[in-house]
Every structure is written in structure tokens, then in C-alpha cells.
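**Student:** Take a look at this one; I'll ask things after.
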Amino acid sequence: MPAISVVIPVYNTESYIADCLASIHGQTFQDFEAIIVDDGSTDGSTGIAKEFAKEDPRFRIVSQANKGLSEARNAGIEIAEGDWITFVDSDDMLAPNFLQALFNAAMQTSADIACCAKHFFGEGNLVAGNGFFADSGIGMPVGERLPGKKPHVALSPVKALANALYQNDKPDYSAWNKLYATRLWKTRRFPAGKYFEDMATIPQVFLDARLVAFVPEPLYMNRRHSASILATAYDCKKAELLDIAEAVCSLVAGKGNGLEKAARSNLFSASCSILMRTGDTPEFADYRERAWKHIRELRLGALLNPRTRSRNKAAALISFAGRATLVKALRRHG
């Protein structure tokens with residue numbers, strides 16, 4: 001059996017999937033299987049994936065009708081054979097030592113989850129061609145990183161989750177850029193048919209771990225699109241962000257004041273997003289009322305909490321001028 005299972009959900013990423021799969025193929029850590037889950041693609045993605053599978057037996061393809069990202073990841077989890085598992089979106093890329101660095105960090109700290117920092121790139125900014133690896137030392141063999149690189153650190157699950165909820169990225173709550181002990185997924189799956197499935201799932205996965213290792217190097221390259229969920233107006237499904245943030249507060253209740261503060265900070269941020277990205281229409285009335293209620297209840301705590309992000313502190317301060325003023329500011333500067 002392979003040491004690591006790499007699960008790659010694919011849906012109509014013909015322009016990017018070759019770069020993604022090539023970055024997996026080129027890993028310095030070789031003992032892996034790559035499970036490509038074709039989620040009903042209608043473009044040329046499947047054909048490109050088949051070429052990789054034909055050339056490298058570690059790559060295999062599973063096909064299903066289009067069910068969404070959560071169900072595609074779940075299909076990969078079901079057949080994963082490795083003791084460790086990681087999720088890679090098919091328009092993203094990995095530094096060559098992504099698997100090796102995270103595997104080493106997990107082994108050296110006895111952690112159940114190893115995470116790394118991430119690097120964002122956008123359209124027309126392909127990482128492999130812009131000198132990013134060479135300039136940053138990414139892709140160099142483990143142990144030969146550039147001077148000044150910080151070693152990995154071990155965090156308690158509570159500390160790791162608090163960091164994620166404060167959105168300071170050390171670590172974050174994305175499903176990708178992490179290596180998990182597969183046992184953490186034995187009875188857990190991503191919720192079908194939901195946006196923000198990572199926030200709905202990863203907090204509990206963190207809490208199920210013994211330790212979480214964090215590697216500060218940006219070994220995962222995440223492609224940002226102008227049409228991404230966070231960059232566009234919300235429909236009713238996207239507005240479920242507020243439900244999920246409220247559920248996270250319930251999840252951490254009684255697990256320590258520090259973690260509860262972090263969850264409230266995350267709820268404040270989600271509430272601002274709801275006011276900023278939903279229309280003032282009947283279909284969003286309940287979400288907007290709840291969001292404004294949370295903002296009024298949490299704004300003083302946000303101002304007094306030294307870990308609150310500066311943009312949330314600004315929103316908290318502006319909110320004292322009233323809901324209409326806050327919405328106007330959020331939409332102008334958010």
C-alpha cells in the first residue's frame with residue numbers, strides 16, 4: 001500500500017489540470033497514489049488525466065456523475081489506501097517537496113495533521129514559469145532550504161483551530177495544503193451540496209487530532225479566480241456561511257475561552273460577509289437580521305480582542321454608526 005493517498009477532484013479544469021498533475025508527478029516523495037475523481041467533466045480534463053494515468057501507474061481515475069466538490073472528495077476518501085491522505089484542487093499546484101516536508105513534519109512531531117503555508121497566484125501567473133520556486137527556495141530538497149527558513153512547529157488541536165478561526169493562516173481551515181492521518185476520515189465526510197464545506201468539516205478534524213504540525217514554507221500554490229466564491233455576490237446556498245459559522249461556535253462551546261473567542265471572531269467576520277454580499281431582499285432577510293444581531297453582540301469583543309484582524313476592528317467600529325453605514329463601508333472597501 002502507498003504511504004500517501006492524494007485525492008484530486010476534477011471538474012472542467014482543462015486549462016489547469018496538466019500543471020496540477022505534473023506537480024504531483026514530480027514530488028520528491030515517491031510513495032503515493034494519486035486518485036483523480038472525475039466529477040462529470042464535460043471538457044478535455046478527463047482526457048488529460050487519462051494520459052497521466054497511462055504513463056504512471058500511481059495515477060488512477062474514478063468517474064462519477066457531477067455531484068460537486070464534497071462528493072468528489074468523499075469518493076476519493078472511500079477508496080484511499082494510504083495511511084495518510086491529502087486533497088489537491090485540480091487548478092492548484094504543489095511545490096516538489098510538499099509531500100516530503102509534510103510527511104517529515106508529521107513523523108517528527110507525532111502529529112495527525114501536517115499543514116503548510118500557501119501561495120496565491122492568479123490568471124496568467126503560472127508558478128512554474130515565473131521563477132517562484134527558485135526565488136523562494138521552494139522545491140529544494142528538505143534540509144537544504146534557504147537561510148532564515150523557520151522549522152516546523154507542533155500545535156495543540158485547540159491552538160491550531162484558534163489560529164484558523166482568526167484567519168491568520170498558521171494554519172487555515174482549508175481542506176487542501178494539509179496531510180492527514182487517514183484514520184481521521186474513517187467516519188467523517190464532507191457535507192454534500194454545500195459551499196464552504198471546509199469550514200463545516202475541518203474544525204472537527206482538527207479537534208480529533210493529537211497534534212497539528214505547521215510548516216511555514218508556502219508549499220501549496222492556490223489559484224485565485226475572479227469568479228471564486230469569496231469574490232462574488234452570495235445566493236441562498238452561499239449565505240449558509242452564516243449557519244456554518246454559528247455551528248462552529250456551538251462545536252467549540254465549553255472547550256476553552258480562547259477557542260470560543262476565536263469562533264466568535266470568525267462569526268463576526270462571516271456576519272460582515274453576509275451584509276456585504278447579499279442583497280437587501282426578502283430571500284436574505286433572515287440571514288441579514290441574524291448577521292446584524294451577531295455584529296451588535298460581538299463588536300465590542302472584536303474591538304477589545306488583540307487577535308482581531310484590523311479590517312474586522314474597523315468594521316466593528318463603523319457598526320456603531322448603524323447598519324446602513326456599515327453596509328455601505330463594507331461594500332466600498334470589503
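Labeling convention for the C-alpha cells: chains A, B, ... as they appear, residues from 1 per chain, ligands from 1 in order of appearance.
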Write down as number ranges by chain the residues belonging to segment 56-88 of chain A that are assigned strand (DSSP E or B) by DSSP computed on the backbone.

**Tutor:** A: 59-64, 84-87

**Student:** Determine, counting only C-alpha atoms, which protein, DNA and RNA residues have an atom within 7 Å of an atom of Ala263 of chain A; residues of the same chain fewer than 4 positions away are not included. Present the result as a PyMOL selection string.

**Tutor:** chain A and resi 165+248-249+259+267

**Student:** Go ahead and write the selection's residues with N, CA and C atoms as a compact mmCIF listing (two decimals), in the first residue's frame.

**Tutor:**
# COMPACT_ATOMS: atom_id res chain seq x y z
N LEU A 165 -9.43 29.99 12.93
CA LEU A 165 -10.64 30.79 13.07
C LEU A 165 -10.34 32.29 13.12
N VAL A 248 -19.96 26.34 14.18
CA VAL A 248 -18.60 26.25 14.73
C VAL A 248 -18.59 26.78 16.16
N CYS A 249 -19.33 27.85 16.42
CA CYS A 249 -19.42 28.36 17.79
C CYS A 249 -20.01 27.31 18.72
N LEU A 259 -10.60 29.44 22.61
CA LEU A 259 -11.16 28.90 21.38
C LEU A 259 -12.54 29.49 21.11
N LEU A 267 -17.30 34.22 13.52
CA LEU A 267 -18.72 34.52 13.30
C LEU A 267 -18.91 36.00 12.97

**Student:** Please, what distance in Å, to one decimal, runs between atom CA of Glu33 of chain A and atom CA of Ser156 of chain A?

**Tutor:**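 Going from atom CA of Glu33 of chain A over to atom CA of Ser156 of chain A covers 29.0 Å.
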
**Student:** Skipping near chain neighbours, those fewer than 2 positions away, what residues fall within 7 Å of Gly76 of chain A using only C-alpha atoms, listed as a list of chain:residue names?

**Tutor:**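 Result of the neighbour search: A:Val7, A:Ile35, A:Val37, A:Ala72, A:Arg73, A:Asn74, A:Glu78, A:Ile79, A:Ala80.
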
**Student:** If you keep C-alpha atoms, can you produce a file of those selected residues as a PDB file, in the first residue's frame?

**Tutor:**
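File part.pdb, as written:
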ATOM      1  CA  VAL A   7      -7.154  12.934  -3.850  1.00  0.00           C
ATOM      2  CA  ILE A  35      -6.756   9.338  -7.081  1.00  0.00           C
ATOM      3  CA  VAL A  37     -12.005  11.844  -9.232  1.00  0.00           C
ATOM      4  CA  ALA A  72     -15.836  14.078  -5.310  1.00  0.00           C
ATOM      5  CA  ARG A  73     -13.529  14.271  -2.306  1.00  0.00           C
ATOM      6  CA  ASN A  74     -15.684  11.731  -0.488  1.00  0.00           C
ATOM      7  CA  GLU A  78     -13.713   5.829   0.124  1.00  0.00           C
ATOM      8  CA  ILE A  79     -11.013   4.117  -1.941  1.00  0.00           C
ATOM      9  CA  ALA A  80      -7.862   5.695  -0.483  1.00  0.00           C
TER      10      ALA A  80
END

**Student:** Could you list, as a VMD selection string, every residue within 12 Å of Thr278 of chain A, counting only C-alpha atoms and ignoring same-chain residues fewer than 3 positions away?

**Tutor:** chain A and resid 232 to 242 270 to 275 281 to 289 291 327 330 to 331

**Student:** For the residues in the current selection, export N, CA and C atoms as a PDB file, in the first residue's frame.

**Tutor:**
ATOM      1  N   THR A 232     -17.590  36.903  -5.199  1.00  0.00           N
ATOM      2  CA  THR A 232     -18.853  37.152  -5.886  1.00  0.00           C
ATOM      3  C   THR A 232     -19.998  37.302  -4.894  1.00  0.00           C
ATOM      4  N   ALA A 233     -21.110  37.841  -5.389  1.00  0.00           N
ATOM      5  CA  ALA A 233     -22.297  38.001  -4.555  1.00  0.00           C
ATOM      6  C   ALA A 233     -22.828  36.633  -4.135  1.00  0.00           C
ATOM      7  N   TYR A 234     -23.487  36.593  -2.978  1.00  0.00           N
ATOM      8  CA  TYR A 234     -23.994  35.334  -2.443  1.00  0.00           C
ATOM      9  C   TYR A 234     -25.421  35.066  -2.915  1.00  0.00           C
ATOM     10  N   ASP A 235     -25.676  33.793  -3.238  1.00  0.00           N
ATOM     11  CA  ASP A 235     -27.047  33.330  -3.362  1.00  0.00           C
ATOM     12  C   ASP A 235     -27.406  32.670  -2.028  1.00  0.00           C
ATOM     13  N   CYS A 236     -28.574  32.038  -1.958  1.00  0.00           N
ATOM     14  CA  CYS A 236     -29.007  31.465  -0.680  1.00  0.00           C
ATOM     15  C   CYS A 236     -28.099  30.335  -0.212  1.00  0.00           C
ATOM     16  N   LYS A 237     -27.533  29.580  -1.143  1.00  0.00           N
ATOM     17  CA  LYS A 237     -26.622  28.498  -0.752  1.00  0.00           C
ATOM     18  C   LYS A 237     -25.339  29.064  -0.153  1.00  0.00           C
ATOM     19  N   LYS A 238     -24.809  30.121  -0.737  1.00  0.00           N
ATOM     20  CA  LYS A 238     -23.591  30.722  -0.202  1.00  0.00           C
ATOM     21  C   LYS A 238     -23.854  31.414   1.136  1.00  0.00           C
ATOM     22  N   ALA A 239     -25.075  31.895   1.325  1.00  0.00           N
ATOM     23  CA  ALA A 239     -25.415  32.546   2.591  1.00  0.00           C
ATOM     24  C   ALA A 239     -25.391  31.571   3.754  1.00  0.00           C
ATOM     25  N   GLU A 240     -25.348  30.269   3.458  1.00  0.00           N
ATOM     26  CA  GLU A 240     -25.233  29.269   4.517  1.00  0.00           C
ATOM     27  C   GLU A 240     -23.922  29.392   5.282  1.00  0.00           C
ATOM     28  N   LEU A 241     -23.018  30.226   4.778  1.00  0.00           N
ATOM     29  CA  LEU A 241     -21.802  30.544   5.531  1.00  0.00           C
ATOM     30  C   LEU A 241     -22.145  30.920   6.965  1.00  0.00           C
ATOM     31  N   LEU A 242     -23.215  31.688   7.145  1.00  0.00           N
ATOM     32  CA  LEU A 242     -23.587  32.126   8.487  1.00  0.00           C
ATOM     33  C   LEU A 242     -24.013  30.931   9.346  1.00  0.00           C
ATOM     34  N   ALA A 270     -17.924  36.359   9.353  1.00  0.00           N
ATOM     35  CA  ALA A 270     -18.952  35.796   8.475  1.00  0.00           C
ATOM     36  C   ALA A 270     -20.170  36.702   8.410  1.00  0.00           C
ATOM     37  N   SER A 271     -20.535  37.301   9.523  1.00  0.00           N
ATOM     38  CA  SER A 271     -21.693  38.196   9.554  1.00  0.00           C
ATOM     39  C   SER A 271     -21.457  39.423   8.682  1.00  0.00           C
ATOM     40  N   CYS A 272     -20.247  39.947   8.712  1.00  0.00           N
ATOM     41  CA  CYS A 272     -19.921  41.083   7.835  1.00  0.00           C
ATOM     42  C   CYS A 272     -20.006  40.669   6.370  1.00  0.00           C
ATOM     43  N   SER A 273     -19.548  39.462   6.065  1.00  0.00           N
ATOM     44  CA  SER A 273     -19.624  38.970   4.688  1.00  0.00           C
ATOM     45  C   SER A 273     -21.065  38.874   4.215  1.00  0.00           C
ATOM     46  N   ILE A 274     -21.951  38.430   5.100  1.00  0.00           N
ATOM     47  CA  ILE A 274     -23.366  38.320   4.740  1.00  0.00           C
ATOM     48  C   ILE A 274     -23.939  39.688   4.392  1.00  0.00           C
ATOM     49  N   LEU A 275     -23.686  40.690   5.219  1.00  0.00           N
ATOM     50  CA  LEU A 275     -24.204  42.026   4.935  1.00  0.00           C
ATOM     51  C   LEU A 275     -23.607  42.605   3.659  1.00  0.00           C
ATOM     52  N   THR A 281     -33.046  41.957   0.246  1.00  0.00           N
ATOM     53  CA  THR A 281     -34.275  41.440  -0.360  1.00  0.00           C
ATOM     54  C   THR A 281     -34.905  40.408   0.580  1.00  0.00           C
ATOM     55  N   PRO A 282     -36.183  40.077   0.377  1.00  0.00           N
ATOM     56  CA  PRO A 282     -36.847  39.135   1.286  1.00  0.00           C
ATOM     57  C   PRO A 282     -36.146  37.784   1.415  1.00  0.00           C
ATOM     58  N   GLU A 283     -35.540  37.282   0.347  1.00  0.00           N
ATOM     59  CA  GLU A 283     -34.923  35.964   0.431  1.00  0.00           C
ATOM     60  C   GLU A 283     -33.742  35.926   1.392  1.00  0.00           C
ATOM     61  N   PHE A 284     -33.115  37.070   1.633  1.00  0.00           N
ATOM     62  CA  PHE A 284     -31.967  37.129   2.535  1.00  0.00           C
ATOM     63  C   PHE A 284     -32.305  37.797   3.871  1.00  0.00           C
ATOM     64  N   ALA A 285     -33.569  38.113   4.097  1.00  0.00           N
ATOM     65  CA  ALA A 285     -33.950  38.901   5.272  1.00  0.00           C
ATOM     66  C   ALA A 285     -33.511  38.238   6.570  1.00  0.00           C
ATOM     67  N   ASP A 286     -33.751  36.940   6.709  1.00  0.00           N
ATOM     68  CA  ASP A 286     -33.384  36.244   7.943  1.00  0.00           C
ATOM     69  C   ASP A 286     -31.883  36.244   8.158  1.00  0.00           C
ATOM     70  N   TYR A 287     -31.126  35.956   7.105  1.00  0.00           N
ATOM     71  CA  TYR A 287     -29.666  35.953   7.230  1.00  0.00           C
ATOM     72  C   TYR A 287     -29.145  37.326   7.612  1.00  0.00           C
ATOM     73  N   ARG A 288     -29.681  38.363   7.003  1.00  0.00           N
ATOM     74  CA  ARG A 288     -29.192  39.704   7.269  1.00  0.00           C
ATOM     75  C   ARG A 288     -29.552  40.164   8.682  1.00  0.00           C
ATOM     76  N   GLU A 289     -30.732  39.807   9.162  1.00  0.00           N
ATOM     77  CA  GLU A 289     -31.114  40.156  10.532  1.00  0.00           C
ATOM     78  C   GLU A 289     -30.226  39.443  11.540  1.00  0.00           C
ATOM     79  N   ALA A 291     -27.216  38.285  10.984  1.00  0.00           N
ATOM     80  CA  ALA A 291     -25.854  38.816  10.860  1.00  0.00           C
ATOM     81  C   ALA A 291     -25.713  40.129  11.628  1.00  0.00           C
ATOM     82  N   VAL A 327     -22.934  48.694   6.066  1.00  0.00           N
ATOM     83  CA  VAL A 327     -23.092  48.023   4.775  1.00  0.00           C
ATOM     84  C   VAL A 327     -22.417  48.831   3.674  1.00  0.00           C
ATOM     85  N   LEU A 330     -18.655  48.389   3.996  1.00  0.00           N
ATOM     86  CA  LEU A 330     -18.223  47.041   3.618  1.00  0.00           C
ATOM     87  C   LEU A 330     -18.201  46.884   2.100  1.00  0.00           C
ATOM     88  N   ARG A 331     -19.225  47.370   1.458  1.00  0.00           N
ATOM     89  CA  ARG A 331     -19.305  47.216   0.009  1.00  0.00           C
ATOM     90  C   ARG A 331     -18.303  48.100  -0.722  1.00  0.00           C
TER      91      ARG A 331
END

**Student:** Measure the distance from atom CA of Phe59 of chain A to atom CA of Thr187 of chain A in Å and round it to one decimal.

**Tutor:**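 Interatomic distance here is 24.9 Å.
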
**Student:** Just to confirm, what's the straight-line distance from atom CA of Phe190 of chain A to atom CA of Arg60 of chain A in Å (one decimal)?

**Tutor:**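 Atom CA of Phe190 of chain A sits 21.5 Å away from atom CA of Arg60 of chain A.
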